[in-house]
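Everything below belongs to target_5.csv, which stores CSV, C-alpha atoms and all ligand atoms.
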chain,number,residue,atom,x,y,z
A,1199,MET,CA,120.6,56.7,74.3
A,1200,LYS,CA,117.4,57.2,76.3
A,1201,ILE,CA,116.7,60.7,77.6
A,1202,GLY,CA,114.1,61.5,80.3
A,1203,ILE,CA,112.4,64.8,79.8
A,1204,GLY,CA,110.2,66.7,82.3
A,1205,ASN,CA,108.5,70.1,82.5
A,1206,ASP,CA,105.9,72.1,84.3
A,1207,HIS,CA,102.9,74.0,82.8
A,1208,SER,CA,105.1,76.9,81.6
A,1209,ALA,CA,107.1,74.6,79.2
A,1210,VAL,CA,104.7,72.4,77.4
A,1211,ASP,CA,105.4,73.8,73.9
A,1212,MET,CA,109.1,73.9,74.6
A,1213,LYS,CA,109.1,70.3,75.8
A,1214,LYS,CA,107.3,69.2,72.6
A,1215,ALA,CA,109.7,71.1,70.4
A,1216,ILE,CA,112.8,69.6,72.2
A,1217,THR,CA,111.3,66.1,72.1
A,1218,GLU,CA,110.8,66.4,68.4
A,1219,HIS,CA,114.3,67.6,68.0
A,1220,LEU,CA,115.7,64.7,70.1
A,1221,LEU,CA,113.7,62.1,68.2
A,1222,ALA,CA,114.9,63.6,64.9
A,1223,ARG,CA,118.4,63.1,66.2
A,1224,GLY,CA,117.7,59.5,66.9
A,1225,PHE,CA,117.4,59.5,70.7
A,1226,GLU,CA,114.8,57.7,72.6
A,1227,VAL,CA,112.7,60.1,74.8
A,1228,VAL,CA,110.7,59.2,77.9
A,1229,ASN,CA,108.2,61.9,78.9
A,1230,TYR,CA,107.9,62.5,82.7
A,1231,GLY,CA,106.4,66.0,82.4
A,1232,CYS,CA,102.9,67.5,82.0
A,1233,ASP,CA,101.2,68.0,78.7
A,1234,THR,CA,98.6,70.7,79.6
A,1235,THR,CA,98.9,74.3,80.7
A,1236,GLU,CA,97.0,73.5,83.9
A,1237,SER,CA,99.2,74.4,86.9
A,1238,TYR,CA,101.7,71.6,87.6
A,1239,PRO,CA,104.4,72.0,90.2
A,1240,TYR,CA,107.9,71.7,88.8
A,1241,PRO,CA,109.3,69.6,91.8
A,1242,GLU,CA,107.1,66.7,90.6
A,1243,ALA,CA,108.7,66.6,87.2
A,1244,ALA,CA,112.2,67.2,88.7
A,1245,LYS,CA,111.7,64.3,91.1
A,1246,SER,CA,110.4,61.9,88.4
A,1247,VAL,CA,113.3,62.6,86.0
A,1248,ALA,CA,116.0,62.7,88.8
A,1249,HIS,CA,114.8,59.3,90.1
A,1250,ALA,CA,114.8,57.9,86.6
A,1251,VAL,CA,118.4,59.0,86.1
A,1252,VAL,CA,119.7,57.6,89.4
A,1253,ASN,CA,117.8,54.4,88.9
A,1254,LYS,CA,119.3,54.1,85.4
A,1255,GLU,CA,115.8,54.0,83.7
A,1256,VAL,CA,117.2,56.7,81.4
A,1257,ASP,CA,120.8,57.7,80.6
A,1258,CYS,CA,120.3,61.4,81.4
A,1259,GLY,CA,117.6,64.0,81.8
A,1260,ILE,CA,116.3,67.3,80.5
A,1261,LEU,CA,114.1,69.5,82.7
A,1262,ILE,CA,112.3,72.7,81.6
A,1263,CYS,CA,110.3,75.1,83.7
A,1264,GLY,CA,109.8,78.9,83.3
A,1265,THR,CA,113.4,79.8,84.3
A,1266,GLY,CA,115.0,76.3,84.6
A,1267,ILE,CA,116.0,77.3,88.1
A,1268,GLY,CA,113.3,75.8,90.4
A,1269,ILE,CA,113.3,72.5,88.5
A,1270,GLY,CA,117.1,72.4,88.6
A,1271,ILE,CA,117.2,73.1,92.4
A,1272,ALA,CA,114.6,70.4,93.0
A,1273,ALA,CA,116.5,67.8,90.8
A,1274,ASN,CA,119.8,68.6,92.7
A,1275,LYS,CA,118.1,67.5,96.0
A,1276,VAL,CA,118.2,63.9,94.7
A,1277,LYS,CA,121.5,62.1,95.7
A,1278,GLY,CA,123.7,61.5,92.6
A,1279,ILE,CA,122.1,64.2,90.5
A,1280,ARG,CA,124.3,66.9,89.0
A,1281,CYS,CA,121.8,69.2,87.2
A,1282,ALA,CA,123.1,72.2,85.4
A,1283,THR,CA,120.8,75.2,84.6
A,1284,CYS,CA,122.1,76.7,81.4
A,1285,SER,CA,121.0,79.6,79.1
A,1286,GLU,CA,123.7,79.2,76.5
A,1287,PRO,CA,125.6,76.4,74.8
A,1288,TYR,CA,129.1,77.1,76.3
A,1289,SER,CA,128.0,76.5,79.9
A,1290,ALA,CA,126.0,73.5,78.8
A,1291,ALA,CA,129.0,71.8,77.2
A,1292,LEU,CA,131.3,72.7,80.1
A,1293,SER,CA,128.8,71.3,82.6
A,1294,LYS,CA,129.2,67.9,80.9
A,1295,ARG,CA,133.0,68.2,80.2
A,1296,HIS,CA,133.9,69.3,83.7
A,1297,ASN,CA,131.0,68.5,86.0
A,1298,ASN,CA,129.6,65.4,84.2
A,1299,SER,CA,126.1,66.9,84.6
A,1300,ASN,CA,123.5,64.2,84.3
A,1301,ILE,CA,120.6,66.5,83.9
A,1302,LEU,CA,120.3,69.8,81.9
A,1303,SER,CA,117.7,72.3,82.8
A,1304,PHE,CA,116.7,75.6,81.1
A,1305,GLY,CA,113.9,78.1,81.1
A,1306,ALA,CA,111.1,78.2,78.5
A,1307,ARG,CA,110.6,81.8,79.4
A,1308,VAL,CA,114.3,82.6,79.1
A,1309,VAL,CA,115.5,81.0,75.9
A,1310,GLY,CA,113.8,80.6,72.5
A,1311,VAL,CA,113.3,77.2,70.9
A,1312,GLU,CA,116.3,77.5,68.5
A,1313,LEU,CA,118.7,78.5,71.2
A,1314,ALA,CA,117.3,75.8,73.4
A,1315,LYS,CA,118.1,73.2,70.7
A,1316,MET,CA,121.7,74.6,70.5
A,1317,ILE,CA,122.0,74.3,74.3
A,1318,VAL,CA,120.7,70.7,74.2
A,1319,ASP,CA,123.0,69.7,71.3
A,1320,SER,CA,126.1,71.2,73.0
A,1321,TRP,CA,125.3,69.3,76.2
A,1322,LEU,CA,124.6,66.0,74.5
A,1323,ASP,CA,127.6,66.2,72.2
A,1324,ALA,CA,130.1,67.1,74.9
A,1325,GLU,CA,132.0,64.4,76.7
A,1326,PHE,CA,133.2,64.2,80.4
A,1327,GLU,CA,136.9,64.7,80.6
A,1328,GLY,CA,137.5,62.8,83.9
A,1329,GLY,CA,140.8,63.1,85.7
A,1330,ARG,CA,141.0,66.1,88.0
A,1331,HIS,CA,137.3,66.8,87.3
A,1332,GLN,CA,136.3,63.4,88.6
A,1333,THR,CA,138.2,64.1,91.9
A,1334,ARG,CA,136.1,67.3,92.3
A,1335,ILE,CA,132.9,65.4,91.6
A,1336,ASP,CA,133.8,62.8,94.2
A,1337,MET,CA,134.2,65.8,96.6
A,1338,ILE,CA,130.7,67.0,95.8
A,1339,HIS,CA,129.3,63.6,96.5
A,1340,GLU,CA,131.2,63.5,99.8
A,1341,ILE,CA,129.3,66.6,100.8
A,1342,GLU,CA,126.0,64.8,100.0
A,1343,LYS,CA,127.0,62.1,102.6
A,1344,GLU,CA,127.7,64.8,105.2
A,1345,ALA,CA,124.3,66.5,104.8
B,1,LIG,C1,106.0,78.7,87.3
B,1,LIG,O1,105.2,79.8,87.2
B,1,LIG,C2,107.4,79.1,87.5
B,1,LIG,O2,107.6,79.6,88.8
B,1,LIG,C3,108.3,77.9,87.2
B,1,LIG,O3,108.1,77.5,85.9
B,1,LIG,C4,109.8,78.2,87.3
B,1,LIG,O4,110.2,79.3,86.6
B,1,LIG,C5,110.4,78.1,88.7
B,1,LIG,O5,111.6,78.1,88.9
What would you get if you wrote out this structure as structure tokens?
Amino acid sequence: MKIGIGNDHSAVDMKKAITEHLLARGFEVVNYGCDTTESYPYPEAAKSVAHAVVNKEVDCGILICGTGIGIGIAANKVKGIRCATCSEPYSAALSKRHNNSNILSFGARVVGVELAKMIVDSWLDAEFEGGRHQTRIDMIHEIEKEA
């Protein structure tokens, strides 16, 4: 599985730690984020990863900024993206099982590296349950068409 990862200047070290973790687990990782602490606007990284996901260049995405919020809001502006901002593993797993989230975001200033790895693992290891949850996702994407 190929994972797109993106980040702003506040999450360079976190992105590196999560990338190493993903590679150690055997995933392929494509870096769409910044690699210096020079100011880099999070919508850029969000847009790159979100487009890579909807265009199927990667199977899913992980976005990291200071809080995970701005980068998640930006990603969710792209049609077809269901980005879940999570600070703990339970929500991360449920966002996949019920919402079929295709991007996970979190904050490098909110969670430590070890908790972030647990959040990422819970998300990647969970499976979408379909059924009534798919019906609700279809309703979300109907809203996109109305906007
Ligand atoms: C950057 O300072 C910060 O605003 C950004 O990383 C993020 O937290 C925004 O939601």
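Counting all atoms listed in the file, the residue from A:Ile1338, A:Met1316, A:Ile1216, A:Ala1243 that sits nearest to ligand LIG 1 (chain B) is A:Ala1243.
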Can you write out as JSON lines which residues of chain A fall within 6 Å of ligand LIG 1 (chain B), alongside each residue's closest atom pair and its distance in Å to one decimal, counting only C-alpha atoms and all ligand atoms and ordering rows by chain and ascending residue number?
{"residue": "A:Ser1208", "atom": "CA", "partner": "B:LIG1", "partner_atom": "O3", "distance": 5.3}
{"residue": "A:Cys1263", "atom": "CA", "partner": "B:LIG1", "partner_atom": "O3", "distance": 3.9}
{"residue": "A:Gly1264", "atom": "CA", "partner": "B:LIG1", "partner_atom": "O4", "distance": 3.3}
{"residue": "A:Thr1265", "atom": "CA", "partner": "B:LIG1", "partner_atom": "O4", "distance": 4.0}
{"residue": "A:Gly1266", "atom": "CA", "partner": "B:LIG1", "partner_atom": "O5", "distance": 5.8}
{"residue": "A:Ile1267", "atom": "CA", "partner": "B:LIG1", "partner_atom": "O5", "distance": 4.5}
{"residue": "A:Gly1268", "atom": "CA", "partner": "B:LIG1", "partner_atom": "O5", "distance": 3.2}
{"residue": "A:Ile1269", "atom": "CA", "partner": "B:LIG1", "partner_atom": "O5", "distance": 5.9}
Interface rows for stretch 1274-1301 of chain A against stretch 1253-1261 of chain A: nearest pair, Å to one decimal, 12 Å, all atoms listed in the file, as a tab-separated table:
residue	atom	partner	partner_atom	distance
A:Asn1274	CA	A:Leu1261	CA	11.5
A:Val1276	CA	A:Asn1253	CA	11.1
A:Lys1277	CA	A:Asn1253	CA	10.9
A:Gly1278	CA	A:Asn1253	CA	9.9
A:Ile1279	CA	A:Cys1258	CA	9.7
A:Arg1280	CA	A:Cys1258	CA	10.2
A:Cys1281	CA	A:Gly1259	CA	8.6
A:Ala1282	CA	A:Ile1260	CA	9.7
A:Thr1283	CA	A:Leu1261	CA	9.0
A:Cys1284	CA	A:Leu1261	CA	10.8
A:Ala1290	CA	A:Ile1260	CA	11.6
A:Lys1294	CA	A:Cys1258	CA	11.0
A:Asn1298	CA	A:Cys1258	CA	10.5
A:Ser1299	CA	A:Cys1258	CA	8.6
A:Asn1300	CA	A:Cys1258	CA	5.1
A:Ile1301	CA	A:Gly1259	CA	4.4
Any chance you could export the current selection's C-alpha atoms as a tab-separated table (two decimals), in the coordinates of the input?
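Written output follows (again-v8.tsv):
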chain	number	residue	atom	x	y	z
A	1274	ASN	CA	119.80	68.60	92.70
A	1276	VAL	CA	118.20	63.90	94.70
A	1277	LYS	CA	121.50	62.10	95.70
A	1278	GLY	CA	123.70	61.50	92.60
A	1279	ILE	CA	122.10	64.20	90.50
A	1280	ARG	CA	124.30	66.90	89.00
A	1281	CYS	CA	121.80	69.20	87.20
A	1282	ALA	CA	123.10	72.20	85.40
A	1283	THR	CA	120.80	75.20	84.60
A	1284	CYS	CA	122.10	76.70	81.40
A	1290	ALA	CA	126.00	73.50	78.80
A	1294	LYS	CA	129.20	67.90	80.90
A	1298	ASN	CA	129.60	65.40	84.20
A	1299	SER	CA	126.10	66.90	84.60
A	1300	ASN	CA	123.50	64.20	84.30
A	1301	ILE	CA	120.60	66.50	83.90
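From atom CA of A:Trp1321 back to atom CA of A:Glu1340, the distance works out to 25.0 Å.
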Extract, using only C-alpha atoms, all DNA, RNA and protein residues at most 8 Å from A:Tyr1288, discarding same-chain residues fewer than 2 positions from it, and format them as a compact mmCIF listing (two decimals) with C-alpha atoms, keeping the file's coordinate frame.
# COMPACT_ATOMS: atom_id res chain seq x y z
CA GLU A 1286 123.70 79.20 76.50
CA ALA A 1290 126.00 73.50 78.80
CA ALA A 1291 129.00 71.80 77.20
CA LEU A 1292 131.30 72.70 80.10
CA ILE A 1317 122.00 74.30 74.30
CA SER A 1320 126.10 71.20 73.00
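Counting only C-alpha atoms, stretch 1222-1226 of chain A has the following residues at most 8 Å away, ignoring those fewer than 4 positions along the same chain: Met1199, Lys1200, Ile1201 and Glu1218 of chain A.
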Could you write out that same residue set with C-alpha atoms as a CSV table (one decimal), in the coordinates of the input?
chain,number,residue,atom,x,y,z
A,1199,MET,CA,120.6,56.7,74.3
A,1200,LYS,CA,117.4,57.2,76.3
A,1201,ILE,CA,116.7,60.7,77.6
A,1218,GLU,CA,110.8,66.4,68.4
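A straight line drawn from atom CA of A:Ala1209 to atom CA of A:Phe1304 is 9.8 Å long.
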Taking (110.4, 71.8, 72.7) in the file's coordinates, which residues come within 10 Å, counting only C-alpha atoms, written as a PDB file with C-alpha atoms, in the coordinates of the input?
ATOM      1  CA  ALA A1209     107.100  74.600  79.200  1.00  0.00           C
ATOM      2  CA  VAL A1210     104.700  72.400  77.400  1.00  0.00           C
ATOM      3  CA  ASP A1211     105.400  73.800  73.900  1.00  0.00           C
ATOM      4  CA  MET A1212     109.100  73.900  74.600  1.00  0.00           C
ATOM      5  CA  LYS A1213     109.100  70.300  75.800  1.00  0.00           C
ATOM      6  CA  LYS A1214     107.300  69.200  72.600  1.00  0.00           C
ATOM      7  CA  ALA A1215     109.700  71.100  70.400  1.00  0.00           C
ATOM      8  CA  ILE A1216     112.800  69.600  72.200  1.00  0.00           C
ATOM      9  CA  THR A1217     111.300  66.100  72.100  1.00  0.00           C
ATOM     10  CA  GLU A1218     110.800  66.400  68.400  1.00  0.00           C
ATOM     11  CA  HIS A1219     114.300  67.600  68.000  1.00  0.00           C
ATOM     12  CA  LEU A1220     115.700  64.700  70.100  1.00  0.00           C
ATOM     13  CA  ILE A1262     112.300  72.700  81.600  1.00  0.00           C
ATOM     14  CA  ALA A1306     111.100  78.200  78.500  1.00  0.00           C
ATOM     15  CA  GLY A1310     113.800  80.600  72.500  1.00  0.00           C
ATOM     16  CA  VAL A1311     113.300  77.200  70.900  1.00  0.00           C
ATOM     17  CA  GLU A1312     116.300  77.500  68.500  1.00  0.00           C
ATOM     18  CA  ALA A1314     117.300  75.800  73.400  1.00  0.00           C
ATOM     19  CA  LYS A1315     118.100  73.200  70.700  1.00  0.00           C
TER      20      LYS A1315
END
Query - Option closest in space to A:Ile1335, from A:Gly1202, A:Arg1307, A:His1296, A:His1249 [counting only C-alpha atoms] - result: A:His1296
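The space between atom CA of A:Ala1324 and atom CA of A:Arg1295 spans 6.1 Å.
Between A:Tyr1240 and the candidates A:Val1308, A:Ala1273, A:Val1252, A:Met1337, the tightest atom-to-atom separation, counting only C-alpha atoms, involves A:Ala1273.
Compared by their closest atoms to A:Ala1272, and using all atoms listed in the file, the residues A:Val1227, A:Val1251, A:Cys1232, A:Ala1244 rank with A:Ala1244 nearest.
Candidate residues A:Asp1206, A:Phe1326, A:His1331, A:Ala1248 were compared for distance to A:Gly1305, and the nearest is A:Asp1206, using all atoms listed in the file.
Of the residues listed (A:Thr1234, A:Lys1275, A:Glu1327, A:Ser1246), A:Lys1275 shows the shortest atom-to-atom separation from A:Glu1342; distances use only C-alpha atoms.
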Atoms are missing here; could stretch 1205-1227 of chain A be completed with N, CA and C atoms and written as an mmCIF file, in the coordinates of the input?
data_model
loop_
_atom_site.group_PDB
_atom_site.id
_atom_site.type_symbol
_atom_site.label_atom_id
_atom_site.label_comp_id
_atom_site.auth_asym_id
_atom_site.auth_seq_id
_atom_site.Cartn_x
_atom_site.Cartn_y
_atom_site.Cartn_z
ATOM 1 N N ASN A 1205 108.840 68.622 82.604
ATOM 2 C CA ASN A 1205 108.500 70.100 82.500
ATOM 3 C C ASN A 1205 107.310 70.386 83.356
ATOM 4 N N ASP A 1206 107.150 71.679 83.627
ATOM 5 C CA ASP A 1206 105.900 72.100 84.300
ATOM 6 C C ASP A 1206 105.011 72.766 83.213
ATOM 7 N N HIS A 1207 103.938 73.406 83.693
ATOM 8 C CA HIS A 1207 102.900 74.000 82.800
ATOM 9 C C HIS A 1207 103.468 75.078 81.898
ATOM 10 N N SER A 1208 104.562 75.724 82.332
ATOM 11 C CA SER A 1208 105.100 76.900 81.600
ATOM 12 C C SER A 1208 105.904 76.408 80.346
ATOM 13 N N ALA A 1209 106.156 75.107 80.242
ATOM 14 C CA ALA A 1209 107.100 74.600 79.200
ATOM 15 C C ALA A 1209 106.585 73.508 78.361
ATOM 16 N N VAL A 1210 105.292 73.455 78.209
ATOM 17 C CA VAL A 1210 104.700 72.400 77.400
ATOM 18 C C VAL A 1210 105.124 72.445 75.956
ATOM 19 N N ASP A 1211 104.995 73.618 75.367
ATOM 20 C CA ASP A 1211 105.400 73.800 73.900
ATOM 21 C C ASP A 1211 106.863 73.543 73.747
ATOM 22 N N MET A 1212 107.677 74.076 74.675
ATOM 23 C CA MET A 1212 109.100 73.900 74.600
ATOM 24 C C MET A 1212 109.460 72.409 74.696
ATOM 25 N N LYS A 1213 108.849 71.728 75.648
ATOM 26 C CA LYS A 1213 109.100 70.300 75.800
ATOM 27 C C LYS A 1213 108.795 69.545 74.510
ATOM 28 N N LYS A 1214 107.666 69.893 73.866
ATOM 29 C CA LYS A 1214 107.300 69.200 72.600
ATOM 30 C C LYS A 1214 108.324 69.485 71.527
ATOM 31 N N ALA A 1215 108.761 70.731 71.421
ATOM 32 C CA ALA A 1215 109.700 71.100 70.400
ATOM 33 C C ALA A 1215 111.073 70.365 70.625
ATOM 34 N N ILE A 1216 111.506 70.302 71.873
ATOM 35 C CA ILE A 1216 112.800 69.600 72.200
ATOM 36 C C ILE A 1216 112.642 68.120 71.997
ATOM 37 N N THR A 1217 111.505 67.576 72.355
ATOM 38 C CA THR A 1217 111.300 66.100 72.100
ATOM 39 C C THR A 1217 111.375 65.804 70.660
ATOM 40 N N GLU A 1218 110.711 66.591 69.832
ATOM 41 C CA GLU A 1218 110.800 66.400 68.400
ATOM 42 C C GLU A 1218 112.224 66.442 67.870
ATOM 43 N N HIS A 1219 112.943 67.421 68.391
ATOM 44 C CA HIS A 1219 114.300 67.600 68.000
ATOM 45 C C HIS A 1219 115.176 66.358 68.393
ATOM 46 N N LEU A 1220 114.962 65.877 69.597
ATOM 47 C CA LEU A 1220 115.700 64.700 70.100
ATOM 48 C C LEU A 1220 115.369 63.466 69.287
ATOM 49 N N LEU A 1221 114.094 63.290 68.987
ATOM 50 C CA LEU A 1221 113.700 62.100 68.200
ATOM 51 C C LEU A 1221 114.277 62.183 66.801
ATOM 52 N N ALA A 1222 114.304 63.398 66.223
ATOM 53 C CA ALA A 1222 114.900 63.600 64.900
ATOM 54 C C ALA A 1222 116.382 63.240 64.892
ATOM 55 N N ARG A 1223 117.014 63.442 66.053
ATOM 56 C CA ARG A 1223 118.400 63.100 66.200
ATOM 57 C C ARG A 1223 118.668 61.632 66.487
ATOM 58 N N GLY A 1224 117.585 60.893 66.687
ATOM 59 C CA GLY A 1224 117.700 59.500 66.900
ATOM 60 C C GLY A 1224 117.741 58.997 68.334
ATOM 61 N N PHE A 1225 117.473 59.926 69.267
ATOM 62 C CA PHE A 1225 117.400 59.500 70.700
ATOM 63 C C PHE A 1225 116.070 58.986 71.041
ATOM 64 N N GLU A 1226 116.056 58.132 72.046
ATOM 65 C CA GLU A 1226 114.800 57.700 72.600
ATOM 66 C C GLU A 1226 114.411 58.680 73.718
ATOM 67 N N VAL A 1227 113.150 59.064 73.805
ATOM 68 C CA VAL A 1227 112.700 60.100 74.800
ATOM 69 C C VAL A 1227 111.604 59.522 75.641
#
